[in-house]
>>> print(open('run21.tsv').read())   # TSV, C-alpha atoms and all ligand atoms
chain	number	residue	atom	x	y	z
A	1	MET	CA	-0.70	9.63	-4.38
A	2	PRO	CA	-3.58	7.17	-3.90
A	3	LYS	CA	-4.34	5.89	-0.43
A	4	VAL	CA	-3.38	2.24	0.09
A	5	HIS	CA	-5.85	0.16	2.10
A	6	ARG	CA	-4.95	-3.08	3.80
A	7	VAL	CA	-7.88	-5.45	4.28
A	8	LYS	CA	-8.65	-9.13	4.73
A	9	ARG	CA	-10.78	-10.91	2.16
A	10	THR	CA	-13.90	-12.23	3.81
A	11	ARG	CA	-16.16	-15.01	2.63
A	12	GLY	CA	-19.04	-14.10	0.38
A	13	GLY	CA	-19.24	-11.81	-2.60
A	14	GLN	CA	-19.14	-13.01	-6.18
A	15	LYS	CA	-16.31	-10.84	-7.30
A	16	THR	CA	-12.96	-12.42	-8.09
A	17	TYR	CA	-9.94	-10.33	-7.21
A	18	LEU	CA	-6.69	-11.15	-8.95
A	19	CYS	CA	-3.42	-10.07	-7.41
A	20	VAL	CA	-1.64	-7.75	-9.84
A	21	LYS	CA	1.72	-9.15	-8.74
A	22	CYS	CA	1.37	-12.96	-8.78
A	23	HIS	CA	-1.84	-13.07	-10.86
A	24	GLU	CA	-3.39	-15.60	-8.46
A	25	ALA	CA	-6.84	-15.10	-6.99
A	26	ILE	CA	-7.15	-13.45	-3.60
A	27	VAL	CA	-9.21	-15.91	-1.58
A	28	ALA	CA	-11.12	-15.66	1.68
A	29	GLY	CA	-8.85	-15.29	4.67
A	30	GLN	CA	-6.01	-13.67	2.72
A	31	GLU	CA	-4.93	-10.13	3.41
A	32	TYR	CA	-4.47	-7.78	0.51
A	33	TYR	CA	-3.80	-4.17	-0.38
A	34	HIS	CA	-6.04	-2.20	-2.67
A	35	TRP	CA	-5.54	1.22	-4.18
A	36	THR	CA	-6.87	3.26	-7.07
A	37	PRO	CA	-4.31	5.14	-9.18
A	38	TYR	CA	-5.40	8.50	-10.54
A	39	LYS	CA	-7.95	8.03	-13.36
A	40	SER	CA	-7.50	4.27	-13.30
A	41	ASN	CA	-9.04	1.05	-12.00
A	42	THR	CA	-8.67	-0.27	-8.48
A	43	ARG	CA	-5.79	-2.75	-8.10
A	44	GLN	CA	-5.45	-5.56	-5.59
A	45	GLN	CA	-2.28	-7.21	-4.34
A	46	HIS	CA	-1.66	-9.86	-1.67
A	47	VAL	CA	0.03	-8.50	1.42
A	48	SER	CA	2.38	-11.49	1.05
A	49	CYS	CA	3.33	-10.21	-2.42
A	50	GLY	CA	4.57	-6.96	-0.89
A	51	TYR	CA	3.55	-3.36	-0.59
A	52	PRO	CA	2.75	-1.69	-3.94
A	53	SER	CA	5.74	0.12	-5.47
A	54	GLN	CA	5.78	3.76	-6.56
A	55	SER	CA	5.32	2.66	-10.20
A	56	GLN	CA	2.26	0.66	-9.21
A	57	LEU	CA	0.79	3.58	-7.27
A	58	ARG	CA	1.55	6.13	-9.97
A	59	PRO	CA	1.53	4.23	-13.29
A	60	GLY	CA	2.67	6.45	-16.10
A	61	SER	CA	4.76	8.61	-13.79
A	62	LYS	CA	8.28	8.47	-15.11
A	63	MET	CA	9.80	9.60	-11.83
A	64	ALA	CA	8.13	6.71	-9.99
A	65	ARG	CA	10.65	4.37	-11.64
A	66	VAL	CA	13.46	6.39	-10.12
A	67	ASP	CA	11.71	6.37	-6.72
A	68	ASP	CA	11.54	2.57	-6.96
A	69	ALA	CA	15.22	2.31	-7.92
A	70	VAL	CA	16.17	4.41	-4.89
A	71	GLN	CA	13.99	2.21	-2.69
A	72	ASP	CA	15.44	-0.99	-4.19
A	73	ALA	CA	19.00	0.17	-3.54
A	74	ASP	CA	18.25	-0.84	0.06
A	75	LEU	CA	21.53	0.51	1.44
A	76	GLY	CA	20.86	-0.96	4.87
A	77	SER	CA	21.37	-4.48	3.47
A	78	LEU	CA	24.76	-3.71	1.88
A	79	THR	CA	27.93	-4.60	3.71
A	80	SER	CA	30.81	-2.91	1.92
A	81	GLY	CA	31.73	0.40	0.32
A	82	ASP	CA	32.05	-1.37	-3.04
A	83	GLU	CA	28.53	-2.77	-2.85
A	84	ILE	CA	27.20	0.67	-2.01
A	85	GLU	CA	29.05	2.23	-4.96
A	86	THR	CA	27.58	-0.44	-7.27
A	87	ALA	CA	24.08	0.18	-5.93
A	88	LEU	CA	24.39	3.92	-6.59
A	89	GLY	CA	25.65	3.16	-10.10
A	90	GLN	CA	22.53	1.09	-10.74
A	91	VAL	CA	20.30	3.94	-9.62
A	92	ALA	CA	22.30	6.23	-11.94
A	93	ASP	CA	21.55	3.91	-14.89
A	94	ILE	CA	17.80	4.10	-14.26
A	95	ALA	CA	18.03	7.87	-13.73
A	96	ARG	CA	19.67	8.20	-17.16
A	97	GLU	CA	16.99	6.09	-18.85
A	98	VAL	CA	14.25	8.15	-17.25
A	99	ALA	CA	16.08	11.39	-18.16
A	100	GLU	CA	15.94	10.24	-21.76
A	101	GLU	CA	12.18	9.65	-21.49
A	102	TYR	CA	11.67	13.16	-20.14
A	103	GLY	CA	13.79	14.47	-23.00
A	104	GLU	CA	11.62	12.62	-25.52
A	105	SER	CA	8.47	14.04	-23.93
A	106	ALA	CA	9.93	17.54	-24.14
A	107	ASP	CA	10.87	16.97	-27.80
A	108	ASN	CA	7.34	15.81	-28.61
A	109	ILE	CA	5.74	18.76	-26.91
A	110	GLU	CA	8.12	21.21	-28.54
A	111	SER	CA	7.34	19.80	-31.98
A	112	ASN	CA	3.78	21.04	-31.41
A	113	PHE	CA	4.62	24.12	-29.38
A	114	PRO	CA	7.94	25.27	-30.84
A	115	SER	CA	8.33	28.04	-28.29
A	116	GLY	CA	7.82	25.55	-25.49
A	117	ASN	CA	5.23	25.44	-22.72
A	118	PRO	CA	5.29	24.83	-18.96
A	119	THR	CA	5.07	21.04	-19.36
A	120	SER	CA	7.95	20.82	-21.80
A	121	GLU	CA	10.00	23.09	-19.57
A	122	ALA	CA	9.27	20.86	-16.55
A	123	CYS	CA	10.28	17.78	-18.58
A	124	ARG	CA	13.49	19.47	-19.67
A	125	ALA	CA	14.29	20.48	-16.09
A	126	ALA	CA	13.67	16.91	-14.89
A	127	GLN	CA	15.85	15.55	-17.71
A	128	GLU	CA	18.76	17.86	-16.86
A	129	GLY	CA	18.37	17.33	-13.13
A	130	LEU	CA	18.41	13.55	-13.54
A	131	GLU	CA	21.43	13.61	-15.84
A	132	SER	CA	23.52	15.66	-13.47
A	133	TRP	CA	22.39	13.61	-10.47
A	134	ALA	CA	23.30	10.40	-12.33
A	135	GLU	CA	26.79	11.80	-12.87
A	136	ASP	CA	27.12	12.57	-9.17
A	137	LEU	CA	25.99	9.05	-8.27
A	138	ASP	CA	28.44	7.49	-10.73
A	139	SER	CA	31.36	9.46	-9.40
A	140	TRP	CA	30.39	8.86	-5.77
A	141	THR	CA	33.03	6.89	-3.91
A	142	ALA	CA	32.91	5.47	-0.42
A	143	ASP	CA	35.31	7.02	2.07
A	144	GLU	CA	38.21	4.89	3.24
A	145	LYS	CA	37.85	3.27	6.63
A	146	GLU	CA	39.86	4.98	9.35
A	147	ASP	CA	42.43	2.72	11.01
A	148	ASP	CA	40.83	2.99	14.42
A	149	GLU	CA	37.26	2.92	13.14
A	150	ASP	CA	34.89	0.11	14.04
A	151	GLU	CA	33.61	-1.80	10.96
A	152	ASP	CA	29.94	-1.18	11.85
A	153	ASP	CA	30.53	2.52	12.49
A	154	TYR	CA	32.32	2.77	9.19
A	155	LEU	CA	29.47	1.12	7.26
A	156	GLU	CA	26.94	3.26	9.04
A	157	ARG	CA	28.85	6.41	8.04
A	158	VAL	CA	29.22	5.32	4.41
A	159	ARG	CA	25.55	4.34	4.16
A	160	GLU	CA	24.51	7.73	5.50
A	161	GLU	CA	26.68	9.53	2.96
A	162	ALA	CA	25.27	7.37	0.17
A	163	GLN	CA	21.74	8.01	1.42
A	164	ASP	CA	22.42	11.75	1.28
A	165	ALA	CA	23.57	11.37	-2.33
A	166	LEU	CA	20.36	9.46	-3.17
A	167	GLY	CA	18.38	12.14	-1.35
A	168	GLU	CA	19.50	14.68	-3.96
A	169	GLN	CA	17.10	13.06	-6.43
A	170	PRO	CA	15.43	15.80	-8.48
A	171	GLN	CA	11.65	15.84	-8.71
A	172	TYR	CA	9.39	16.49	-11.65
A	173	GLU	CA	7.81	19.88	-11.05
A	174	GLY	CA	5.16	19.76	-13.77
B	1	ZN	ZN	-0.15	-12.15	-5.04
>>> encode(input="run21.tsv", output="structure tokens", more="lines below")
Ligand SMILES: [Zn+2]
Amino acid sequence: MPKVHRVKRTRGGQKTYLCVKCHEAIVAGQEYYHWTPYKSNTRQQHVSCGYPSQSQLRPGSKMARVDDAVQDADLGSLTSGDEIETALGQVADIAREVAEEYGESADNIESNFPSGNPTSEACRAAQEGLESWAEDLDSWTADEKEDDEDEDDYLERVREEAQDALGEQPQYEG
């Protein structure tokens, strides 16, 4: 994971930095993040355009899309069991898409190495892990509120349970 630096653009210097998010120039006085993904060029992004996402930090990493989906679910902002169920369903959709990508990678590798190799096995494991996790997320249902339970306590409890379900996200072990 590349280190993310937060700096303020000072006057001077001929170089133009373009924000990778809004594509506007980063001008003197503005704060921005910069980071260098593995084997890639340094990227700049305004602090006002937000912290770089997992996909921005690890371009090409399939699992980073899932990390971002989990992050975007933002359970703390949701205010009903139904909303939380919907959010988990959306993460499940992304997980399934990414599972398919891992499956395609494994297929490609296996067409060259018919007996498999560690990378294809890791892709296959990530594919299967994501598929079964997506099923769990889809079938996840919020508990009913107890009659004597405070609304805030109830939401807090449901969010925690949903967070635990998201926390079961498999990782790519390649
Ligand atoms: Zn920007």
>>> atom_distance(input="run21.tsv", atom1="atom CA of Lys21 of chain A", atom2="atom CA of His46 of chain A")
7.9 Å
>>> atom_distance(input="run21.tsv", atom1="atom CA of Gln45 of chain A", atom2="atom CA of Lys3 of chain A")
13.8 Å
>>> atom_distance(input="run21.tsv", atom1="atom CA of Gln163 of chain A", atom2="atom CA of Thr79 of chain A")
14.2 Å
>>> residues_near_ligand(input="run21.tsv", ligand="ligand ZN 1 (chain B)", cutoff="12 Å", atoms="all atoms listed in the file", output="ChimeraX atom specification")
/A:17-27,30-34,43-52
>>> axis_aligned_box(input="run21.tsv", around="segment 114-129 of chain A", padding_each_side="6 Å", output="JSON")
{"center_x": 11.9, "center_y": 21.8, "center_z": -22.0, "size_x": 25.7, "size_y": 24.5, "size_z": 29.7}
>>> residues_around(input="run21.tsv", residues="Val158 of chain A", least_positions_apart="4", cutoff="9 Å", atoms="all atoms listed in the file", output="JSON list (two decimals) with C-alpha atoms, keeping the file's coordinate frame")
[["chain", "number", "residue", "atom", "x", "y", "z"],
["A", 80, "SER", "CA", 30.81, -2.91, 1.92],
["A", 81, "GLY", "CA", 31.73, 0.40, 0.32],
["A", 84, "ILE", "CA", 27.20, 0.67, -2.01],
["A", 142, "ALA", "CA", 32.91, 5.47, -0.42],
["A", 143, "ASP", "CA", 35.31, 7.02, 2.07],
["A", 153, "ASP", "CA", 30.53, 2.52, 12.49],
["A", 154, "TYR", "CA", 32.32, 2.77, 9.19],
["A", 162, "ALA", "CA", 25.27, 7.37, 0.17],
["A", 163, "GLN", "CA", 21.74, 8.01, 1.42]]
>>> residues_near_point(input="run21.tsv", point="(-14.5, -14.2, 2.7)", cutoff="9 Å", atoms="only C-alpha atoms", output="ChimeraX atom specification")
/A:8-13,27-30
>>> write_last_selection(input="run21.tsv", atoms="C-alpha atoms", output="PDB file, keeping the file's coordinate frame")
ATOM      1  CA  LYS A   8      -8.650  -9.130   4.730  1.00  0.00           C
ATOM      2  CA  ARG A   9     -10.780 -10.910   2.160  1.00  0.00           C
ATOM      3  CA  THR A  10     -13.900 -12.230   3.810  1.00  0.00           C
ATOM      4  CA  ARG A  11     -16.160 -15.010   2.630  1.00  0.00           C
ATOM      5  CA  GLY A  12     -19.040 -14.100   0.380  1.00  0.00           C
ATOM      6  CA  GLY A  13     -19.240 -11.810  -2.600  1.00  0.00           C
ATOM      7  CA  VAL A  27      -9.210 -15.910  -1.580  1.00  0.00           C
ATOM      8  CA  ALA A  28     -11.120 -15.660   1.680  1.00  0.00           C
ATOM      9  CA  GLY A  29      -8.850 -15.290   4.670  1.00  0.00           C
ATOM     10  CA  GLN A  30      -6.010 -13.670   2.720  1.00  0.00           C
TER      11      GLN A  30
END
>>> residues_around(input="run21.tsv", residues="Lys39 of chain A", least_positions_apart="3", cutoff="12 Å", atoms="only C-alpha atoms", output="PyMOL selection string")
chain A and resi 1-2+35-36+42+57-60
>>> decode(input="run21.tsv", residues="segment 7-95 of chain A", atoms="C-alpha atoms", output="PDB file, in the first residue's frame")
ATOM      1  CA  VAL A   7       0.833  18.741   1.435  1.00  0.00           C
ATOM      2  CA  LYS A   8       0.017  22.312   0.493  1.00  0.00           C
ATOM      3  CA  ARG A   9       0.973  23.596  -2.929  1.00  0.00           C
ATOM      4  CA  THR A  10       3.365  26.481  -2.566  1.00  0.00           C
ATOM      5  CA  ARG A  11       4.138  29.193  -5.070  1.00  0.00           C
ATOM      6  CA  GLY A  12       6.937  28.591  -7.523  1.00  0.00           C
ATOM      7  CA  GLY A  13       7.842  25.565  -9.561  1.00  0.00           C
ATOM      8  CA  GLN A  14       6.952  25.157 -13.209  1.00  0.00           C
ATOM      9  CA  LYS A  15       5.220  21.861 -12.885  1.00  0.00           C
ATOM     10  CA  THR A  16       1.458  21.683 -13.338  1.00  0.00           C
ATOM     11  CA  TYR A  17      -0.308  19.169 -11.153  1.00  0.00           C
ATOM     12  CA  LEU A  18      -3.729  18.008 -12.254  1.00  0.00           C
ATOM     13  CA  CYS A  19      -6.104  16.515  -9.733  1.00  0.00           C
ATOM     14  CA  VAL A  20      -6.927  12.956 -10.807  1.00  0.00           C
ATOM     15  CA  LYS A  21     -10.465  13.357  -9.457  1.00  0.00           C
ATOM     16  CA  CYS A  22     -11.764  16.698 -10.800  1.00  0.00           C
ATOM     17  CA  HIS A  23      -9.081  17.144 -13.487  1.00  0.00           C
ATOM     18  CA  GLU A  24      -8.551  20.779 -12.462  1.00  0.00           C
ATOM     19  CA  ALA A  25      -5.106  22.177 -11.753  1.00  0.00           C
ATOM     20  CA  ILE A  26      -3.850  22.206  -8.188  1.00  0.00           C
ATOM     21  CA  VAL A  27      -2.862  25.813  -7.607  1.00  0.00           C
ATOM     22  CA  ALA A  28      -0.757  27.556  -4.978  1.00  0.00           C
ATOM     23  CA  GLY A  29      -2.410  27.587  -1.585  1.00  0.00           C
ATOM     24  CA  GLN A  30      -4.451  24.432  -2.196  1.00  0.00           C
ATOM     25  CA  GLU A  31      -3.875  21.307  -0.172  1.00  0.00           C
ATOM     26  CA  TYR A  32      -3.544  18.022  -1.975  1.00  0.00           C
ATOM     27  CA  TYR A  33      -2.697  14.367  -1.476  1.00  0.00           C
ATOM     28  CA  HIS A  34      -0.034  12.622  -3.469  1.00  0.00           C
ATOM     29  CA  TRP A  35       0.838   8.960  -3.644  1.00  0.00           C
ATOM     30  CA  THR A  36       2.662   6.578  -5.952  1.00  0.00           C
ATOM     31  CA  PRO A  37       0.969   3.248  -6.685  1.00  0.00           C
ATOM     32  CA  TYR A  38       3.265   0.262  -7.112  1.00  0.00           C
ATOM     33  CA  LYS A  39       5.129   0.491 -10.448  1.00  0.00           C
ATOM     34  CA  SER A  40       3.143   3.537 -11.494  1.00  0.00           C
ATOM     35  CA  ASN A  41       3.284   7.334 -11.690  1.00  0.00           C
ATOM     36  CA  THR A  42       2.680   9.679  -8.791  1.00  0.00           C
ATOM     37  CA  ARG A  43      -0.930  10.888  -8.574  1.00  0.00           C
ATOM     38  CA  GLN A  44      -2.219  14.132  -7.086  1.00  0.00           C
ATOM     39  CA  GLN A  45      -5.673  14.868  -5.736  1.00  0.00           C
ATOM     40  CA  HIS A  46      -7.135  17.921  -3.987  1.00  0.00           C
ATOM     41  CA  VAL A  47      -7.832  17.359  -0.315  1.00  0.00           C
ATOM     42  CA  SER A  48     -11.244  18.908  -1.069  1.00  0.00           C
ATOM     43  CA  CYS A  49     -11.842  16.131  -3.619  1.00  0.00           C
ATOM     44  CA  GLY A  50     -11.468  13.524  -0.891  1.00  0.00           C
ATOM     45  CA  TYR A  51      -9.003  10.951   0.303  1.00  0.00           C
ATOM     46  CA  PRO A  52      -7.857   8.525  -2.414  1.00  0.00           C
ATOM     47  CA  SER A  53      -9.916   5.320  -2.551  1.00  0.00           C
ATOM     48  CA  GLN A  54      -8.505   1.799  -2.372  1.00  0.00           C
ATOM     49  CA  SER A  55      -8.859   1.480  -6.168  1.00  0.00           C
ATOM     50  CA  GLN A  56      -6.855   4.664  -6.616  1.00  0.00           C
ATOM     51  CA  LEU A  57      -4.139   3.472  -4.246  1.00  0.00           C
ATOM     52  CA  ARG A  58      -3.970  -0.013  -5.730  1.00  0.00           C
ATOM     53  CA  PRO A  59      -5.020   0.320  -9.387  1.00  0.00           C
ATOM     54  CA  GLY A  60      -5.347  -3.067 -10.990  1.00  0.00           C
ATOM     55  CA  SER A  61      -6.136  -4.757  -7.695  1.00  0.00           C
ATOM     56  CA  LYS A  62      -9.484  -6.420  -8.126  1.00  0.00           C
ATOM     57  CA  MET A  63     -10.110  -6.656  -4.402  1.00  0.00           C
ATOM     58  CA  ALA A  64      -9.665  -2.890  -4.028  1.00  0.00           C
ATOM     59  CA  ARG A  65     -13.070  -2.451  -5.701  1.00  0.00           C
ATOM     60  CA  VAL A  66     -14.624  -4.586  -3.002  1.00  0.00           C
ATOM     61  CA  ASP A  67     -12.773  -2.623  -0.301  1.00  0.00           C
ATOM     62  CA  ASP A  68     -14.239   0.566  -1.772  1.00  0.00           C
ATOM     63  CA  ALA A  69     -17.750  -0.913  -1.877  1.00  0.00           C
ATOM     64  CA  VAL A  70     -17.477  -1.857   1.795  1.00  0.00           C
ATOM     65  CA  GLN A  71     -16.256   1.647   2.598  1.00  0.00           C
ATOM     66  CA  ASP A  72     -19.034   3.255   0.532  1.00  0.00           C
ATOM     67  CA  ALA A  73     -21.710   1.237   2.337  1.00  0.00           C
ATOM     68  CA  ASP A  74     -21.162   3.767   5.143  1.00  0.00           C
ATOM     69  CA  LEU A  75     -23.439   1.965   7.604  1.00  0.00           C
ATOM     70  CA  GLY A  76     -23.176   4.790  10.129  1.00  0.00           C
ATOM     71  CA  SER A  77     -25.234   7.043   7.836  1.00  0.00           C
ATOM     72  CA  LEU A  78     -28.104   4.551   7.411  1.00  0.00           C
ATOM     73  CA  THR A  79     -31.192   4.879   9.548  1.00  0.00           C
ATOM     74  CA  SER A  80     -33.226   1.703   9.114  1.00  0.00           C
ATOM     75  CA  GLY A  81     -32.788  -2.048   8.924  1.00  0.00           C
ATOM     76  CA  ASP A  82     -34.101  -1.974   5.345  1.00  0.00           C
ATOM     77  CA  GLU A  83     -31.500   0.561   4.254  1.00  0.00           C
ATOM     78  CA  ILE A  84     -28.776  -1.548   5.807  1.00  0.00           C
ATOM     79  CA  GLU A  85     -30.035  -4.685   4.034  1.00  0.00           C
ATOM     80  CA  THR A  86     -30.027  -2.783   0.722  1.00  0.00           C
ATOM     81  CA  ALA A  87     -26.491  -1.533   1.331  1.00  0.00           C
ATOM     82  CA  LEU A  88     -25.249  -5.069   1.995  1.00  0.00           C
ATOM     83  CA  GLY A  89     -26.994  -6.245  -1.176  1.00  0.00           C
ATOM     84  CA  GLN A  90     -25.104  -3.609  -3.156  1.00  0.00           C
ATOM     85  CA  VAL A  91     -21.796  -4.791  -1.735  1.00  0.00           C
ATOM     86  CA  ALA A  92     -22.820  -8.354  -2.663  1.00  0.00           C
ATOM     87  CA  ASP A  93     -23.366  -7.257  -6.295  1.00  0.00           C
ATOM     88  CA  ILE A  94     -19.852  -5.818  -6.524  1.00  0.00           C
ATOM     89  CA  ALA A  95     -18.420  -8.895  -4.780  1.00  0.00           C
TER      90      ALA A  95
END
